[in-house]
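Here is the structure we will look at, set down as structure tokens.
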Amino acid sequence: MATKTKEKPVRKEGMYEVVMNQFAHAADLMKLDPGVRKILAKTNTEIEVNFPVRLDNGKIEVFTGYRVQHNNALGPYKGGLRYHDTVDLDAARALAIWMTWKTALAGLPFGGAKGGIHINPKNYSKHELERITRRFTYALGDNIGPDLDIPAPDVNTNPQIMAWIADTFSSTKSPTTRFANLHVVTGKPVGAGGLAGRDRATGFGVVANIKSWAKLKKFNLKGARFTVQGFGNVGYWTAHFLLKEGAILVAVQDASATFRNDKGIDPEALQAHSDANGRNLKGFKGAKEIKPDEFWGIKCDILVPAALGNQITAANAGQITARLVAEGANGPTDIEGEAILKKKGVDIIPDILCNSGGVIGSYYEWLQNKRAEIWKIEEVLVMIQDKIDTSFHKVVDAAKEFKVDWRMGAYIVALRRLEDTYMDRGIFP
Ligand code: GLU
């Protein structure tokens with residue numbers, strides 16, 4: 001079988017261990033019902049598909065994709081698809097579990113799932129990515145669906161990829177149900193049934209959380225210095241909205257390069273450079289390129305990890321000077337990293353709260369499609385803000401009640417909702 005590129009071995013993220021550790025800790029603290037604990041400790045369904053695609057050079061390559069459906073007690077499975085060479089069953093499992101907590105905390109009628117393809121999309125042309133996406137969708141078949149499991153963008157996937165999924169899924173159904181299937185994915189381009197504002201929803205939500213934190217701590221965001229790891233959708237939009245609050249972006253790191261400028265980096269200029277340069281930050285003129293390891297020690301008030309899991313670890317947590325870590329990524333802080341941050345008194349807005357603006361936006365896109373309506377961006381952002389504010393205060397209150405940190409507070413709110421549902425509904429048969 002022809003392979004186009006030799007994939008380098010990558011470090012296993014170990015995110016599954018982190019999420020299970022957090023879950024066990026929270027379940028103990030809140031004395032979660034033992035039966036519900038057993039249910040939530042397992043994923044409901046794990047799908048692995050191998051599917052062939054013909055590349056532009058005429059050769060065939062076989063790809064491996066995953067979809068893990070953790071729990072659907074609250075509604076259809078929901079969560080993104082990532083295209084990355086760290087995607088495997090363990091990663092999809094961990095990320096699916098985090099989605100269950102995230103949707104439960106946000107008060108949405110959704111469960112949790114995650115998936116993706118083990119691939120480095122930079123090695124493939126746009127036409128190849130289209131065929132890979134369409135064939136992956138076909139391989140998943142009726143394991144996804146608008147009332148069953150609804151994918152969305154995640155690392156290295158975007159509205160274009162969602163449009164291909166929606167089109168492929170609908171095209172394999174009767175033409176009479178085409179528009180009844182539009183909401184099989186969210187995060188679509190606005191012209192293909194997407195929601196105005198879904199593009200910026202995650203970053204907008206990260207900043208809504210940071211604003212609530214600043215208010216609570218009486219911290220002035222004007223002139224505050226922040227750093228961002230990851231300059232994809234979440235990193236860019238977080239920087240965009242934090243600048244509007246008067247904060248200064250002093251460093252950015254992504255897989256391609258790390259930049260620093262104490263006078264401030266313009267996220268719009270960096271985004272334009274990245275777009276023109278095939279999503280590579282190298283060569284940006286508005287800041288000085290530094291070594292990747294120097295990123296963590298840069299003096300700042302707020303650090304936003306917005307890339308992959310397990311980035312803040314024992315190796316770098318000691319260098320972090322920020323007062324606040326706002327987790328734009330899923331699972332960016334590992335167990336040891338978190339212990340170090342806590343000892344230093346650093347506040348953490350946990351991922352399942354901090355980056356929940358994305359899936360909240362997805363919920364409104366799903367509703368918009370179901371109701372055949374079209375909403376304005378202003379209305380959408382108000383609705384996202386409202387849900388984030390509600391969750392933030394619930395988390396702070398639960399943390400106070402149980403005398404725990406905000407991550408455990410967030411878990412307790414989420415797990416209480418799941419526990420209540422199981423208690424009210426019982427278990428079939
Ligand atoms: N991938 C995003 C997340 O991790 C969004 C999921 C969604 O909208 O379904 O929350």
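Labels used: A, B, ... for chains in the order of the structure tokens, numbers from 1 for residues in each chain, and numbers from 1 for ligands as shown.
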Per residue of chain A within 7 Å of ligand 1, which atom pair is closest and at what distance in Å (one decimal), using only C-alpha atoms and all ligand atoms, listed by chain and increasing number, as a tab-separated table?
```
residue	atom	partner	partner_atom_place_in_ligand_line	distance
A:Lys78	CA	ligand 1	9 (O)	4.9
A:Gly79	CA	ligand 1	9 (O)	3.5
A:Gly80	CA	ligand 1	1 (N)	3.9
A:Leu81	CA	ligand 1	1 (N)	6.8
A:Met99	CA	ligand 1	10 (O)	6.4
A:Ile150	CA	ligand 1	9 (O)	6.8
A:Pro151	CA	ligand 1	9 (O)	5.7
A:Ala152	CA	ligand 1	9 (O)	4.6
A:Pro153	CA	ligand 1	1 (N)	5.2
A:Asp154	CA	ligand 1	1 (N)	3.9
A:Thr186	CA	ligand 1	8 (O)	6.5
A:Gly187	CA	ligand 1	8 (O)	6.9
A:Asn330	CA	ligand 1	4 (O)	6.4
A:Asn355	CA	ligand 1	10 (O)	6.3
A:Ser356	CA	ligand 1	10 (O)	5.8
A:Gly358	CA	ligand 1	5 (C)	4.8
A:Val359	CA	ligand 1	8 (O)	3.4
A:Ile360	CA	ligand 1	8 (O)	6.9
A:Gly361	CA	ligand 1	8 (O)	6.8
A:Ser362	CA	ligand 1	8 (O)	4.6
```
For this session: Using only C-alpha atoms, determine which residues lie at most 12 Å from Thr172 in chain A, disregarding the query and same-chain residues fewer than 2 positions distant; provide the list as JSON, numbers by chain.
Result: {"A": [134, 135, 137, 138, 139, 140, 141, 142, 145, 165, 166, 167, 168, 169, 170, 174, 175, 176, 177, 178, 181]}
Which residues of range 71-93 of chain A come within 8 Å of range 37-60 of chain A, and for each one, what is the closest pair of atoms and their distance in Å to one decimal, counting only C-alpha atoms, sorted by chain and residue number, as CSV?
```
residue,atom,partner,partner_atom,distance
A:Asn71,CA,A:Asn44,CA,5.9
A:Leu89,CA,A:Glu48,CA,7.8
A:Arg93,CA,A:Thr43,CA,7.2
```
For this session: Excluding Glu365 in chain A and residues on its chain fewer than 4 positions from it, collect all residues at most 12 Å away from it, counting only C-alpha atoms, and give them as a ChimeraX atom specification.
Result: /A:146,150,152,182-190,192-199,201,358-361,369-377,380,383-384
For this session: Please provide as a ChimeraX atom specification all residues within 6 Å of range 238-255 of chain A, with the sequence filter that same-chain residues fewer than 6 positions apart are discarded (counting only C-alpha atoms).
Result: /A:203,221-231,261-262,264-265
Keeping N, CA and C atoms, export the residues of the selection given above as a PDB file, in the first residue's frame.
```pdb
ATOM      1  N   GLY A 203     -13.568  31.610  21.186  1.00  0.00           N
ATOM      2  CA  GLY A 203     -12.728  32.714  21.674  1.00  0.00           C
ATOM      3  C   GLY A 203     -13.560  33.755  22.412  1.00  0.00           C
ATOM      4  N   LEU A 221      -8.464  44.671  33.208  1.00  0.00           N
ATOM      5  CA  LEU A 221      -7.941  44.047  31.973  1.00  0.00           C
ATOM      6  C   LEU A 221      -7.233  45.064  31.077  1.00  0.00           C
ATOM      7  N   LYS A 222      -7.509  46.357  31.307  1.00  0.00           N
ATOM      8  CA  LYS A 222      -6.851  47.383  30.490  1.00  0.00           C
ATOM      9  C   LYS A 222      -5.354  47.377  30.811  1.00  0.00           C
ATOM     10  N   GLY A 223      -4.549  47.137  29.804  1.00  0.00           N
ATOM     11  CA  GLY A 223      -3.101  47.111  30.015  1.00  0.00           C
ATOM     12  C   GLY A 223      -2.578  45.763  30.506  1.00  0.00           C
ATOM     13  N   ALA A 224      -3.492  44.797  30.746  1.00  0.00           N
ATOM     14  CA  ALA A 224      -3.047  43.463  31.202  1.00  0.00           C
ATOM     15  C   ALA A 224      -2.271  42.784  30.069  1.00  0.00           C
ATOM     16  N   ARG A 225      -1.257  42.015  30.467  1.00  0.00           N
ATOM     17  CA  ARG A 225      -0.415  41.335  29.459  1.00  0.00           C
ATOM     18  C   ARG A 225      -0.849  39.880  29.376  1.00  0.00           C
ATOM     19  N   PHE A 226      -1.013  39.406  28.143  1.00  0.00           N
ATOM     20  CA  PHE A 226      -1.401  38.002  28.008  1.00  0.00           C
ATOM     21  C   PHE A 226      -0.602  37.299  26.912  1.00  0.00           C
ATOM     22  N   THR A 227      -0.513  35.970  27.062  1.00  0.00           N
ATOM     23  CA  THR A 227       0.176  35.145  26.070  1.00  0.00           C
ATOM     24  C   THR A 227      -0.794  34.047  25.613  1.00  0.00           C
ATOM     25  N   VAL A 228      -0.598  33.602  24.374  1.00  0.00           N
ATOM     26  CA  VAL A 228      -1.500  32.607  23.797  1.00  0.00           C
ATOM     27  C   VAL A 228      -0.679  31.481  23.177  1.00  0.00           C
ATOM     28  N   GLN A 229      -0.999  30.254  23.551  1.00  0.00           N
ATOM     29  CA  GLN A 229      -0.368  29.112  22.892  1.00  0.00           C
ATOM     30  C   GLN A 229      -1.366  28.503  21.921  1.00  0.00           C
ATOM     31  N   GLY A 230      -1.027  28.478  20.646  1.00  0.00           N
ATOM     32  CA  GLY A 230      -1.950  27.985  19.620  1.00  0.00           C
ATOM     33  C   GLY A 230      -2.560  29.181  18.924  1.00  0.00           C
ATOM     34  N   PHE A 231      -2.364  29.275  17.616  1.00  0.00           N
ATOM     35  CA  PHE A 231      -2.962  30.422  16.921  1.00  0.00           C
ATOM     36  C   PHE A 231      -3.899  29.922  15.822  1.00  0.00           C
ATOM     37  N   ASN A 261       6.734  40.086  21.742  1.00  0.00           N
ATOM     38  CA  ASN A 261       6.881  41.527  21.559  1.00  0.00           C
ATOM     39  C   ASN A 261       6.267  42.208  22.779  1.00  0.00           C
ATOM     40  N   ASP A 262       7.112  42.774  23.633  1.00  0.00           N
ATOM     41  CA  ASP A 262       6.618  43.370  24.882  1.00  0.00           C
ATOM     42  C   ASP A 262       5.711  44.570  24.629  1.00  0.00           C
ATOM     43  N   GLY A 264       3.484  44.585  22.297  1.00  0.00           N
ATOM     44  CA  GLY A 264       2.198  44.078  21.818  1.00  0.00           C
ATOM     45  C   GLY A 264       2.270  43.535  20.401  1.00  0.00           C
ATOM     46  N   ILE A 265       1.630  42.387  20.212  1.00  0.00           N
ATOM     47  CA  ILE A 265       1.537  41.758  18.891  1.00  0.00           C
ATOM     48  C   ILE A 265       0.129  42.021  18.367  1.00  0.00           C
TER      49      ILE A 265
END
```
For this session: Write out as an MDAnalysis selection string all residues of range 34-253 of chain A that DSSP puts in helix (DSSP H, G or I) for this structure's backbone.
Result: chainID A and resid 34:40 89:106 121:123 126:143 159:171 175:180 182:184 190:192 198:216 233:244
Export, as a short mmCIF file (atom, residue, chain, number, x, y, z; two decimals), in the first residue's frame, the selected residues with C-alpha atoms.
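again.cif, written as the output of this step:
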```cif
data_model
loop_
_atom_site.label_atom_id
_atom_site.label_comp_id
_atom_site.auth_asym_id
_atom_site.auth_seq_id
_atom_site.Cartn_x
_atom_site.Cartn_y
_atom_site.Cartn_z
CA PRO A 34 -22.02 4.54 42.64
CA GLY A 35 -24.22 3.25 39.79
CA VAL A 36 -23.99 6.54 37.87
CA ARG A 37 -20.27 6.56 38.53
CA LYS A 38 -19.94 3.14 36.90
CA ILE A 39 -21.91 4.28 33.85
CA LEU A 40 -19.92 7.49 33.38
CA LEU A 89 -8.70 5.88 20.42
CA ASP A 90 -7.37 7.05 23.78
CA ALA A 91 -7.32 10.71 22.76
CA ALA A 92 -10.84 10.49 21.27
CA ARG A 93 -12.05 8.80 24.46
CA ALA A 94 -10.65 11.49 26.74
CA LEU A 95 -11.94 14.31 24.58
CA ALA A 96 -15.40 12.67 24.30
CA ILE A 97 -15.62 12.44 28.09
CA TRP A 98 -14.70 16.10 28.48
CA MET A 99 -17.51 16.92 26.02
CA THR A 100 -20.07 15.16 28.25
CA TRP A 101 -19.02 17.32 31.21
CA LYS A 102 -18.92 20.45 29.02
CA THR A 103 -22.43 20.10 27.59
CA ALA A 104 -23.84 19.11 31.00
CA LEU A 105 -22.24 22.16 32.65
CA ALA A 106 -23.47 24.50 29.91
CA PRO A 121 -3.59 17.65 7.05
CA LYS A 122 -0.66 19.82 5.94
CA ASN A 123 0.58 16.83 3.90
CA LYS A 126 -7.44 20.62 -0.59
CA HIS A 127 -8.90 18.12 -3.09
CA GLU A 128 -7.39 15.23 -1.13
CA LEU A 129 -8.78 16.60 2.15
CA GLU A 130 -12.21 16.84 0.54
CA ARG A 131 -12.11 13.20 -0.60
CA ILE A 132 -10.73 12.08 2.79
CA THR A 133 -13.50 13.96 4.63
CA ARG A 134 -16.28 12.70 2.38
CA ARG A 135 -15.06 9.11 2.57
CA PHE A 136 -14.70 9.34 6.38
CA THR A 137 -18.29 10.63 6.59
CA TYR A 138 -19.46 7.75 4.39
CA ALA A 139 -17.55 5.26 6.58
CA LEU A 140 -19.23 6.64 9.71
CA GLY A 141 -22.59 6.18 7.96
CA ASP A 142 -25.59 6.28 10.29
CA ASN A 143 -23.41 6.28 13.39
CA PRO A 159 -16.28 25.27 8.32
CA GLN A 160 -15.28 23.98 4.85
CA ILE A 161 -14.75 20.48 6.23
CA MET A 162 -18.12 20.67 8.04
CA ALA A 163 -19.82 21.69 4.77
CA TRP A 164 -18.36 18.60 3.04
CA ILE A 165 -19.62 16.39 5.87
CA ALA A 166 -23.13 17.89 5.75
CA ASP A 167 -23.24 17.56 1.95
CA THR A 168 -21.98 13.97 1.95
CA PHE A 169 -24.31 12.87 4.73
CA SER A 170 -27.38 14.52 3.13
CA SER A 171 -26.48 13.22 -0.33
CA PRO A 175 -33.55 14.03 -1.41
CA THR A 176 -36.80 14.68 0.47
CA THR A 177 -34.90 14.73 3.76
CA ARG A 178 -31.94 16.83 2.58
CA PHE A 179 -32.74 19.82 4.75
CA ALA A 180 -33.83 17.66 7.66
CA LEU A 182 -28.45 19.91 7.62
CA HIS A 183 -27.79 19.86 11.36
CA VAL A 184 -25.84 16.59 11.25
CA VAL A 190 -22.90 30.66 7.05
CA GLY A 191 -23.85 30.08 3.39
CA ALA A 192 -24.29 26.35 4.04
CA ARG A 198 -20.11 30.31 15.39
CA ASP A 199 -16.65 31.04 13.94
CA ARG A 200 -15.73 33.25 16.92
CA ALA A 201 -17.87 31.53 19.57
CA THR A 202 -15.08 29.71 21.43
CA GLY A 203 -12.73 32.71 21.67
CA PHE A 204 -15.66 34.96 22.55
CA GLY A 205 -16.58 32.57 25.36
CA VAL A 206 -12.99 32.38 26.63
CA VAL A 207 -12.97 36.18 26.93
CA ALA A 208 -16.46 36.24 28.52
CA ASN A 209 -15.03 33.96 31.23
CA ILE A 210 -11.90 36.08 31.62
CA LYS A 211 -14.11 39.17 32.03
CA SER A 212 -16.12 37.44 34.79
CA TRP A 213 -12.86 36.44 36.49
CA ALA A 214 -11.51 40.01 36.26
CA LYS A 215 -14.73 41.38 37.78
CA LEU A 216 -14.63 38.87 40.62
CA ASN A 233 -9.48 29.51 15.64
CA VAL A 234 -9.50 29.68 19.46
CA GLY A 235 -6.16 31.47 19.88
CA TYR A 236 -6.88 34.08 17.23
CA TRP A 237 -10.41 34.96 18.36
CA THR A 238 -9.41 35.03 22.04
CA ALA A 239 -6.64 37.51 21.21
CA HIS A 240 -9.05 39.53 19.04
CA PHE A 241 -11.61 39.89 21.84
CA LEU A 242 -9.07 40.42 24.65
CA LEU A 243 -7.53 43.30 22.70
CA LYS A 244 -10.97 44.94 22.68
#
```
Exercise. Mind checking DSSP for range 78-179 of chain A and telling me the strand (DSSP E) residues as a PyMOL selection string?
Worked result: chain A and resi 78+81-84+112-118+149-150
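If you measure from each of A:Phe259, A:Leu381, A:Ile320, A:Met408 to Lys291 in chain A using only C-alpha atoms, the closest one turns out to be A:Phe259.
Atom pair CA of Pro305 in chain A / CA of Pro332 in chain A: separated by 6.4 Å.
Take CA of Lys114 in chain A and CA of Leu148 in chain A: the distance between them is 13.1 Å.
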